[in-house]
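Shown next: upload.cif, given as mmCIF, C-alpha atoms (C1' of nucleotides).
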data_final
loop_
_atom_site.label_atom_id
_atom_site.label_comp_id
_atom_site.auth_asym_id
_atom_site.auth_seq_id
_atom_site.Cartn_x
_atom_site.Cartn_y
_atom_site.Cartn_z
CA MET A 107 80.55 36.66 -54.85
CA PRO A 108 83.73 37.75 -53.12
CA LYS A 109 86.42 39.29 -55.28
CA VAL A 110 89.30 38.32 -53.06
CA THR A 111 89.98 34.95 -51.62
CA PRO A 112 88.14 35.01 -48.35
CA LYS A 113 89.97 34.63 -45.10
CA PRO A 114 89.66 31.09 -43.95
CA THR A 115 86.87 30.75 -41.43
CA THR A 116 88.30 29.10 -38.36
CA ILE A 117 86.27 27.19 -35.90
CA GLU A 118 86.51 29.85 -33.23
CA HIS A 119 84.76 32.34 -35.45
CA VAL A 120 82.04 30.19 -36.89
CA ASP A 121 78.53 30.87 -35.87
CA LEU A 122 76.12 28.05 -36.40
CA ASP A 123 73.41 29.99 -38.15
CA VAL A 124 69.98 28.96 -36.89
CA LEU A 125 71.43 25.76 -35.50
CA GLU A 126 72.91 27.87 -32.76
CA ASN A 127 69.47 27.93 -31.19
CA THR A 128 68.25 24.55 -32.22
CA LEU A 129 68.07 21.97 -29.51
CA SER A 130 67.96 19.11 -31.96
CA PHE A 131 71.33 20.14 -33.32
CA TYR A 132 72.96 19.80 -29.94
CA ILE A 133 71.26 16.53 -29.20
CA ARG A 134 72.38 15.09 -32.50
CA THR A 135 75.91 16.32 -32.21
CA MET A 136 76.43 15.42 -28.59
CA ASN A 137 75.09 12.01 -29.40
CA ILE A 138 77.93 11.39 -31.82
CA ALA A 139 80.50 12.44 -29.28
CA VAL A 140 79.05 10.54 -26.33
CA SER A 141 78.57 7.41 -28.33
CA ARG A 142 82.10 7.48 -29.63
CA ASP A 143 83.47 7.94 -26.14
CA LEU A 144 81.31 5.15 -24.78
CA ASP A 145 82.45 2.81 -27.50
CA GLU A 146 86.05 3.45 -26.59
CA ARG A 147 85.48 2.66 -22.96
CA LEU A 148 83.64 -0.51 -23.73
CA GLU A 149 86.04 -1.72 -26.34
CA GLY A 150 86.51 -5.43 -26.10
CA TYR A 151 83.41 -6.03 -24.02
CA ASP A 152 81.24 -7.44 -26.79
CA VAL A 153 78.55 -5.00 -25.91
CA ALA A 154 80.29 -2.11 -27.56
CA ARG A 155 79.19 -0.33 -30.75
CA GLY A 156 75.73 0.84 -31.58
CA THR A 157 72.80 1.72 -29.41
CA GLY A 158 70.88 -1.02 -27.78
CA LYS A 159 73.20 -3.76 -26.61
CA ILE A 160 73.86 -2.15 -23.27
CA THR A 161 70.25 -1.33 -22.64
CA THR A 162 69.18 -4.78 -23.69
CA LEU A 163 71.65 -6.52 -21.42
CA LEU A 164 70.82 -4.43 -18.38
CA LEU A 165 67.12 -4.70 -18.99
CA VAL A 166 67.11 -8.45 -19.38
CA ASP A 167 69.31 -8.74 -16.33
CA SER A 168 66.95 -6.76 -14.15
CA HIS A 169 63.73 -7.98 -15.73
CA PRO A 170 64.10 -11.69 -16.38
CA GLY A 171 61.63 -12.88 -18.96
CA ILE A 172 61.20 -9.48 -20.57
CA ARG A 173 60.07 -9.64 -24.15
CA PRO A 174 61.92 -8.35 -27.19
CA SER A 175 59.11 -6.07 -28.26
CA VAL A 176 59.14 -4.26 -24.93
CA ILE A 177 62.86 -3.62 -25.23
CA ALA A 178 62.35 -2.52 -28.80
CA GLN A 179 59.98 0.20 -27.63
CA ILE A 180 62.39 1.35 -25.00
CA ILE A 181 65.32 1.69 -27.33
CA MET A 182 63.17 2.80 -30.26
CA LYS A 183 64.09 0.11 -32.70
CA ASP A 184 61.79 -1.79 -34.95
CA ARG A 185 61.21 -5.45 -34.28
CA SER A 186 63.53 -6.68 -36.97
CA ALA A 187 66.45 -4.67 -35.72
CA MET A 188 65.70 -5.85 -32.23
CA GLY A 189 65.62 -9.45 -33.32
CA ARG A 190 68.99 -9.21 -34.93
CA LEU A 191 70.44 -7.55 -31.87
CA ILE A 192 69.22 -10.41 -29.72
CA ASP A 193 70.51 -13.03 -32.14
CA GLN A 194 73.89 -11.43 -31.86
CA MET A 195 73.84 -11.41 -28.10
CA ILE A 196 72.73 -15.03 -27.96
CA GLU A 197 75.58 -15.98 -30.24
CA HIS A 198 77.92 -14.26 -27.84
CA GLY A 199 76.47 -16.34 -25.05
CA LEU A 200 74.99 -13.44 -23.12
CA LEU A 201 71.31 -14.24 -23.37
CA THR A 202 68.92 -17.12 -23.83
CA ARG A 203 65.55 -16.99 -25.46
CA GLN A 204 62.52 -19.20 -24.98
CA THR A 205 58.96 -19.18 -26.10
CA SER A 206 56.55 -17.87 -23.53
CA GLU A 207 54.12 -20.51 -22.34
CA ARG A 208 51.27 -18.16 -21.81
CA GLU A 209 51.81 -16.27 -25.04
CA ARG A 210 53.30 -18.60 -27.50
CA ARG A 211 53.83 -15.84 -30.01
CA ALA A 212 56.15 -14.10 -27.65
CA HIS A 213 59.64 -14.81 -26.41
CA GLU A 214 61.11 -14.42 -22.99
CA LEU A 215 64.68 -13.40 -22.50
CA PHE A 216 67.08 -14.34 -19.75
CA VAL A 217 70.71 -13.61 -19.08
CA THR A 218 73.24 -16.39 -18.93
CA PRO A 219 75.78 -16.40 -16.10
CA LYS A 220 78.19 -14.81 -18.54
CA GLY A 221 75.60 -12.19 -19.35
CA ALA A 222 74.95 -11.48 -15.70
CA GLU A 223 78.64 -11.08 -15.10
CA LEU A 224 78.99 -8.71 -17.99
CA ALA A 225 76.02 -6.70 -16.78
CA ALA A 226 77.70 -6.30 -13.43
CA THR A 227 80.92 -5.22 -15.10
CA ILE A 228 79.21 -2.79 -17.41
CA ARG A 229 76.98 -1.05 -14.93
CA PRO A 230 79.61 1.07 -13.20
CA ILE A 231 81.40 1.75 -16.45
CA VAL A 232 78.31 3.15 -18.11
CA THR A 233 77.46 5.27 -15.13
CA GLU A 234 80.93 6.67 -14.82
CA GLN A 235 81.32 7.27 -18.50
CA SER A 236 78.29 9.51 -18.50
CA LYS A 237 79.45 11.40 -15.44
CA ASP A 238 82.97 11.78 -16.75
CA PHE A 239 81.95 12.75 -20.21
CA PHE A 240 79.71 15.51 -18.97
CA SER A 241 82.02 16.45 -16.16
CA PHE A 242 82.56 19.91 -17.57
CA ILE A 243 78.93 20.56 -16.82
CA ALA A 244 78.22 21.20 -13.17
CA GLU A 245 76.57 18.32 -11.32
CA GLU A 246 73.40 20.27 -10.72
CA GLU A 247 73.11 21.21 -14.33
CA GLN A 248 73.67 17.63 -15.39
CA ALA A 249 70.86 16.64 -13.09
CA GLN A 250 68.68 19.38 -14.50
CA VAL A 251 69.20 18.31 -18.07
CA MET A 252 68.71 14.70 -17.19
CA ASP A 253 65.53 15.45 -15.34
CA ILE A 254 64.08 17.28 -18.28
CA LEU A 255 65.15 14.76 -20.86
CA ARG A 256 63.89 11.93 -18.71
CA ARG A 257 60.43 13.41 -18.68
CA ALA A 258 60.57 14.00 -22.39
CA TYR A 259 61.70 10.47 -23.01
CA ARG A 260 59.01 8.96 -20.83
CA LYS A 261 56.26 10.79 -22.59
CA MET A 262 57.67 9.76 -25.88
CA VAL A 263 57.79 6.04 -25.28
CA GLY A 264 54.57 6.01 -23.33
CA MET A 265 55.91 5.39 -19.87
CA THR A 266 53.21 7.26 -18.13
CA GLY A 267 54.20 6.12 -14.71
CA GLU A 268 50.67 5.00 -13.99
CA GLN A 269 50.56 1.72 -12.22
CA HIS A 270 47.54 0.41 -14.10
CA MET B 254 65.41 -19.36 -12.57
CA PRO B 255 61.73 -18.74 -12.10
CA LYS B 256 59.50 -21.79 -11.74
CA VAL B 257 56.42 -20.18 -13.21
CA THR B 258 56.25 -18.24 -16.39
CA PRO B 259 56.85 -14.67 -15.32
CA LYS B 260 54.24 -12.06 -15.92
CA PRO B 261 55.15 -10.12 -18.99
CA THR B 262 56.92 -6.91 -18.17
CA THR B 263 55.06 -4.07 -19.80
CA ILE B 264 56.63 -0.79 -20.69
CA GLU B 265 54.84 1.09 -17.93
CA HIS B 266 56.46 -1.04 -15.29
CA VAL B 267 59.97 -1.20 -16.62
CA ASP B 268 62.64 0.62 -14.75
CA LEU B 269 65.76 1.38 -16.68
CA ASP B 270 68.27 0.08 -14.19
CA VAL B 271 71.25 2.41 -13.93
CA LEU B 272 70.34 3.96 -17.25
CA GLU B 273 67.54 5.71 -15.44
CA ASN B 274 70.14 8.13 -14.11
CA THR B 275 72.50 8.17 -17.03
CA LEU B 276 72.49 11.28 -19.11
CA SER B 277 74.15 9.58 -22.03
CA PHE B 278 71.24 7.17 -22.29
CA TYR B 279 68.77 9.97 -22.74
CA ILE B 280 70.96 11.77 -25.22
CA ARG B 281 71.41 8.67 -27.29
CA THR B 282 67.77 7.74 -27.22
CA MET B 283 66.38 11.18 -27.85
CA ASN B 284 68.78 11.44 -30.74
CA ILE B 285 67.15 8.52 -32.48
CA ALA B 286 63.72 10.01 -32.06
CA VAL B 287 64.61 13.55 -33.08
CA SER B 288 66.55 12.40 -36.09
CA ARG B 289 63.73 10.23 -37.29
CA ASP B 290 61.26 13.05 -36.93
CA LEU B 291 63.55 15.48 -38.71
CA ASP B 292 64.03 13.08 -41.59
CA GLU B 293 60.30 12.83 -42.04
CA ARG B 294 59.87 16.56 -42.21
CA LEU B 295 62.65 16.99 -44.69
CA GLU B 296 61.64 14.13 -46.88
CA GLY B 297 62.15 14.98 -50.49
CA TYR B 298 64.47 17.89 -49.85
CA ASP B 299 67.73 16.18 -50.81
CA VAL B 300 69.22 17.25 -47.53
CA ALA B 301 67.35 14.62 -45.54
CA ARG B 302 68.89 11.58 -43.86
CA GLY B 303 71.97 11.48 -41.76
CA THR B 304 73.72 14.12 -39.77
CA GLY B 305 75.69 16.73 -41.55
CA LYS B 306 73.97 17.77 -44.73
CA ILE B 307 71.85 20.37 -43.06
CA THR B 308 74.69 21.78 -41.05
CA THR B 309 76.95 21.81 -44.06
CA LEU B 310 74.47 23.62 -46.24
CA LEU B 311 73.67 26.28 -43.66
CA LEU B 312 77.29 26.74 -42.78
CA VAL B 313 78.45 27.17 -46.34
CA ASP B 314 75.57 29.50 -46.99
CA SER B 315 76.44 31.76 -44.11
CA HIS B 316 80.21 31.43 -44.37
CA PRO B 317 81.11 31.48 -48.05
CA GLY B 318 84.52 30.00 -48.62
CA ILE B 319 84.48 27.88 -45.49
CA ARG B 320 86.71 24.84 -45.69
CA PRO B 321 85.67 21.22 -45.47
CA SER B 322 87.93 20.50 -42.53
CA VAL B 323 86.31 23.22 -40.46
CA ILE B 324 82.88 21.82 -41.10
CA ALA B 325 84.18 18.37 -40.31
CA GLN B 326 85.21 19.55 -36.88
CA ILE B 327 81.84 21.13 -36.27
CA ILE B 328 79.84 18.07 -37.17
CA MET B 329 82.45 15.67 -35.78
CA LYS B 330 83.16 13.70 -38.88
CA ASP B 331 86.49 12.60 -40.20
CA ARG B 332 87.79 14.15 -43.36
CA SER B 333 86.94 11.27 -45.62
CA ALA B 334 83.32 11.17 -44.51
CA MET B 335 83.18 14.91 -44.93
CA GLY B 336 84.57 14.67 -48.42
CA ARG B 337 81.94 12.19 -49.46
CA LEU B 338 79.21 14.35 -48.02
CA ILE B 339 80.42 17.28 -50.05
CA ASP B 340 80.74 15.22 -53.22
CA GLN B 341 77.15 14.23 -52.79
CA MET B 342 75.98 17.79 -52.30
CA ILE B 343 77.94 18.98 -55.31
CA GLU B 344 76.33 16.26 -57.42
CA HIS B 345 72.97 17.53 -56.26
CA GLY B 346 73.96 21.00 -57.44
CA LEU B 347 73.90 22.58 -54.02
CA LEU B 348 77.55 23.51 -53.59
CA THR B 349 80.65 24.33 -55.54
CA ARG B 350 84.20 23.70 -54.52
CA GLN B 351 87.39 25.43 -55.53
CA THR B 352 90.98 25.34 -54.48
CA SER B 353 91.99 28.13 -52.16
CA GLU B 354 94.56 30.45 -53.65
CA ARG B 355 96.29 31.25 -50.45
CA GLU B 356 96.33 27.64 -49.25
CA ARG B 357 96.47 25.42 -52.23
CA ARG B 358 95.99 22.33 -50.09
CA ALA B 359 92.64 23.57 -48.97
CA HIS B 360 89.29 23.95 -50.66
CA GLU B 361 86.71 26.66 -50.38
CA LEU B 362 83.04 25.94 -50.54
CA PHE B 363 80.23 28.08 -51.89
CA VAL B 364 76.54 27.59 -52.32
CA THR B 365 74.95 27.60 -55.74
CA PRO B 366 71.75 29.58 -56.25
CA LYS B 367 69.91 26.33 -55.83
CA GLY B 368 71.79 25.71 -52.62
CA ALA B 369 71.00 29.16 -51.31
CA GLU B 370 67.36 28.65 -52.06
CA LEU B 371 67.31 25.33 -50.29
CA ALA B 372 69.07 26.85 -47.30
CA ALA B 373 66.35 29.48 -47.10
CA THR B 374 63.68 26.82 -47.30
CA ILE B 375 65.30 24.59 -44.73
CA ARG B 376 66.04 27.17 -42.08
CA PRO B 377 62.53 27.66 -40.76
CA ILE B 378 61.75 23.97 -41.05
CA VAL B 379 64.70 22.97 -38.93
CA THR B 380 63.94 25.59 -36.33
CA GLU B 381 60.32 24.66 -36.09
CA GLN B 382 60.95 20.97 -36.06
CA SER B 383 63.08 21.34 -32.99
CA LYS B 384 60.54 23.52 -31.22
CA ASP B 385 57.67 21.26 -32.13
CA PHE B 386 59.43 18.09 -31.28
CA PHE B 387 60.32 19.31 -27.84
CA SER B 388 57.05 21.13 -27.39
CA PHE B 389 56.09 18.96 -24.44
CA ILE B 390 58.99 20.51 -22.61
CA ALA B 391 58.27 24.01 -21.36
CA GLU B 392 59.94 26.80 -23.34
CA GLU B 393 62.13 27.83 -20.44
CA GLU B 394 63.25 24.31 -19.85
CA GLN B 395 64.06 23.89 -23.49
CA ALA B 396 66.14 27.00 -23.28
CA GLN B 397 67.86 25.72 -20.17
CA VAL B 398 68.79 22.42 -21.71
CA MET B 399 69.95 24.11 -24.87
CA ASP B 400 72.04 26.56 -22.95
CA ILE B 401 73.81 23.83 -21.07
CA LEU B 402 74.32 21.60 -24.06
CA ARG B 403 75.57 24.53 -26.09
CA ARG B 404 78.30 25.21 -23.60
CA ALA B 405 79.19 21.54 -23.48
CA TYR B 406 79.31 21.36 -27.24
CA ARG B 407 81.48 24.43 -27.55
CA LYS B 408 84.04 23.16 -25.16
CA MET B 409 84.09 19.91 -26.92
CA VAL B 410 84.80 21.18 -30.38
CA GLY B 411 87.14 23.87 -29.17
CA MET B 412 84.96 26.89 -29.79
CA THR B 413 86.33 28.89 -26.96
CA GLY B 414 84.63 32.07 -27.97
CA GLU B 415 87.90 33.92 -27.80
CA GLN B 416 88.29 36.37 -30.60
CA HIS B 417 91.99 35.69 -31.11
"C1'" DG C 64 118.29 25.58 -49.28
"C1'" DG C 65 116.56 21.17 -48.18
"C1'" DC C 66 114.54 17.47 -45.56
"C1'" DA C 67 111.01 15.95 -42.12
"C1'" DA C 68 106.70 16.59 -40.19
"C1'" DA C 69 102.17 18.41 -40.24
"C1'" DT C 70 97.93 19.54 -42.71
"C1'" DA C 71 94.12 19.15 -46.42
"C1'" DG C 72 91.87 16.30 -49.11
"C1'" DT C 73 90.91 11.73 -51.92
"C1'" DG C 74 89.84 6.88 -52.73
"C1'" DG C 75 89.08 2.00 -51.60
"C1'" DA C 76 87.63 -1.71 -48.79
"C1'" DC C 77 85.00 -3.54 -45.23
"C1'" DA C 78 81.95 -4.00 -41.42
"C1'" DA C 79 77.52 -2.42 -39.28
"C1'" DA C 80 73.33 -0.34 -38.85
"C1'" DT C 81 68.65 1.01 -40.82
"C1'" DG C 82 64.53 0.71 -43.04
"C1'" DC C 83 61.19 -1.82 -45.71
"C1'" DA C 84 58.37 -5.37 -47.06
"C1'" DA C 85 56.95 -9.97 -47.17
"C1'" DC C 86 56.06 -14.10 -44.49
"C1'" DT C 87 54.86 -17.53 -40.39
"C1'" DA C 88 52.69 -18.41 -36.08
"C1'" DT C 89 49.59 -17.32 -32.56
"C1'" DT C 90 45.98 -14.86 -30.25
"C1'" DT C 91 42.00 -11.87 -30.08
"C1'" DT C 92 37.80 -9.88 -32.09
"C1'" DT C 93 33.60 -10.14 -34.03
"C1'" DA D 183 34.97 -19.60 -38.40
"C1'" DA D 184 36.97 -15.78 -40.58
"C1'" DA D 185 39.40 -11.42 -40.09
"C1'" DA D 186 42.43 -8.55 -37.73
"C1'" DA D 187 46.03 -7.77 -34.60
"C1'" DT D 188 50.39 -9.04 -32.44
"C1'" DA D 189 55.22 -11.20 -32.04
"C1'" DG D 190 58.87 -12.42 -34.31
"C1'" DT D 191 61.93 -13.74 -38.53
"C1'" DT D 192 64.13 -13.18 -42.95
"C1'" DG D 193 65.97 -11.07 -47.06
"C1'" DC D 194 67.37 -7.03 -49.49
"C1'" DA D 195 68.88 -2.62 -50.70
"C1'" DT D 196 70.83 1.57 -48.87
"C1'" DT D 197 73.49 4.09 -46.09
"C1'" DT D 198 77.12 5.08 -42.76
"C1'" DG D 199 81.19 4.86 -40.43
"C1'" DT D 200 85.95 3.56 -39.97
"C1'" DC D 201 90.42 2.52 -41.21
"C1'" DC D 202 94.22 2.95 -44.00
"C1'" DA D 203 97.04 4.22 -47.49
"C1'" DC D 204 98.20 7.87 -50.85
"C1'" DT D 205 98.99 12.69 -53.07
"C1'" DA D 206 99.74 17.57 -52.69
"C1'" DT D 207 101.07 21.46 -50.18
"C1'" DT D 208 102.86 24.04 -46.46
"C1'" DT D 209 105.60 24.76 -42.30
"C1'" DG D 210 109.47 24.04 -39.21
"C1'" DC D 211 114.00 22.99 -38.35
"C1'" DC D 212 118.96 22.24 -39.08
#
Have the structure of the file written as structure tokens, please.
Amino acid sequence: MPKVTPKPTTIEHVDLDVLENTLSFYIRTMNIAVSRDLDERLEGYDVARGTGKITTLLLVDSHPGIRPSVIAQIIMKDRSAMGRLIDQMIEHGLLTRQTSERERRAHELFVTPKGAELAATIRPIVTEQSKDFFSFIAEEEQAQVMDILRRAYRKMVGMTGEQH
Amino acid sequence: MPKVTPKPTTIEHVDLDVLENTLSFYIRTMNIAVSRDLDERLEGYDVARGTGKITTLLLVDSHPGIRPSVIAQIIMKDRSAMGRLIDQMIEHGLLTRQTSERERRAHELFVTPKGAELAATIRPIVTEQSKDFFSFIAEEEQAQVMDILRRAYRKMVGMTGEQH
DNA sequence: GGCAAATAGTGGACAAATGCAACTATTTTT
DNA sequence: AAAAATAGTTGCATTTGTCCACTATTTGCC
């Protein structure tokens, strides 16, 4: 209980308590910043806002017939959220959906020409955004972090890399 | 336009297109997973859910009198979101707020005894959660990633480390 | 001194995202 | 043939984030 009004703590002098050494803190915080920046760059592209639209578009584009549930695993959403995401993208004319003939429970997704075009437009933007955003980290270090996180991610979603 | 029904793409065989080499993808995705895990561990602690409560509590605890706008910068929220967060925490009896005497526009935040207690409870949980969650990454690698992200974060929020 | 601009915080409205649970349809197990 | 598992949909309640306008106070400038 300080007797005098404390000097205002400015951001330069703040230490982050235990968060200083907590990886999850940095992941969570950087996420906010990266996502915001990405949204700005994609403004107007009807794939902006929220995690998942970009991944979904690119995935369907490069894996025609991929099923919603597979994408859901990859972007860590539950099926209902995934479904809504797809509805949205179909409404925007980016994807089509049809029932699989061999698995009539499942759906298969395909890009429309518009979707394919958007995918092509997006690809370089997404790549550059990431590079630019992290440009104050040396290339090698970026690669290092990415390499480590990639392995972590793969274990997490069960991409073992085994071919059978 | 495939003539036959394509074989279903399973998660083991998916490649992530350009996202494979996009750091922002991994940050965004890992964020979802870490945050979910954290929420589970903090369930019931009225500091769970959403980014910011934990940081706010720990920051106020270790910097009595800190101002909302400083915290806002640190957790990258705008002032109105920050205000609501604080309202919530005051309602829960974790913080108190008073007008600064030297800057009557500004507020100063303090923890209540209950808040201090919660901070003490939370601290080890948060630290361990991060370690556990990333336990499949070697300690050194964790440290490496953290070190790099820390520097990135600091530049971003303007923590230059200068003492004046 | 006095006016304009900057800073700190509040409050309202609105659009999205998230999580949960219940429900249908289809396939697989037993 | 019945039960369990899988794929997807729908509705609902909660939360979050964002934008904008508004007040109070301080600082800078003429």
Could you please tell me, as a list in words, which residues of chain D have an atom within 9 Å of chain B when using all atoms listed in the file?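 In the required form, that comes to DT197, DT198, DG199, DA206, DT207 and DT208 of chain D.
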Proximity check chain C to chain B, 9 Å, nearest pairs one decimal Å, only C-alpha atoms (C1' of nucleotides), as a tab-separated table:
residue	atom	partner	partner_atom	distance
C:DT70	C1'	B:Arg358	CA	8.1
C:DA71	C1'	B:Arg358	CA	5.2
C:DG72	C1'	B:Ala359	CA	7.3
C:DT73	C1'	B:Ser333	CA	7.5
C:DG74	C1'	B:Ser333	CA	8.8
Would you pick out the contacts of stretch 230-233 of chain A at 10 Å or less, using all atoms listed in the file, so that residues sharing its chain but fewer than 6 positions from it are not included, and give the list as a VMD selection string? (chain A and resid 144 147 to 148 160) or (chain B and resid 271 to 278)
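Rounded to one decimal, atom CA of A:Val140 and atom CA of B:Thr309 lie 21.1 Å from each other.
The spacing separating atom CA of A:Phe240 from atom CA of A:Asp253 amounts to 14.6 Å.
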Rank nothing, just name the residue among B:Ile319, B:Met409, B:Ala369, B:Leu362 nearest to chain A, using all atoms listed in the file.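 Residue with the minimum atom-to-atom distance to chain A: B:Ile319.
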Could you write out as a list in words the residues that the PyMOL selection byres ((chain B and resi 411) around 10) matches in the shown file?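 Written out, the selection comes to Ile117 and Glu118 of chain A; Gln326, Ile327, Tyr406, Arg407, Lys408, Met409, Val410, Met412, Thr413 and Gly414 of chain B.
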Writer output for current selection, C-alpha atoms, as a PDB file, in the frame of the given file:
ATOM      1  CA  ILE A 117      86.270  27.190 -35.900  1.00  0.00           C
ATOM      2  CA  GLU A 118      86.510  29.850 -33.230  1.00  0.00           C
TER       3      GLU A 118
ATOM      4  CA  GLN B 326      85.210  19.550 -36.880  1.00  0.00           C
ATOM      5  CA  ILE B 327      81.840  21.130 -36.270  1.00  0.00           C
ATOM      6  CA  TYR B 406      79.310  21.360 -27.240  1.00  0.00           C
ATOM      7  CA  ARG B 407      81.480  24.430 -27.550  1.00  0.00           C
ATOM      8  CA  LYS B 408      84.040  23.160 -25.160  1.00  0.00           C
ATOM      9  CA  MET B 409      84.090  19.910 -26.920  1.00  0.00           C
ATOM     10  CA  VAL B 410      84.800  21.180 -30.380  1.00  0.00           C
ATOM     11  CA  MET B 412      84.960  26.890 -29.790  1.00  0.00           C
ATOM     12  CA  THR B 413      86.330  28.890 -26.960  1.00  0.00           C
ATOM     13  CA  GLY B 414      84.630  32.070 -27.970  1.00  0.00           C
TER      14      GLY B 414
END
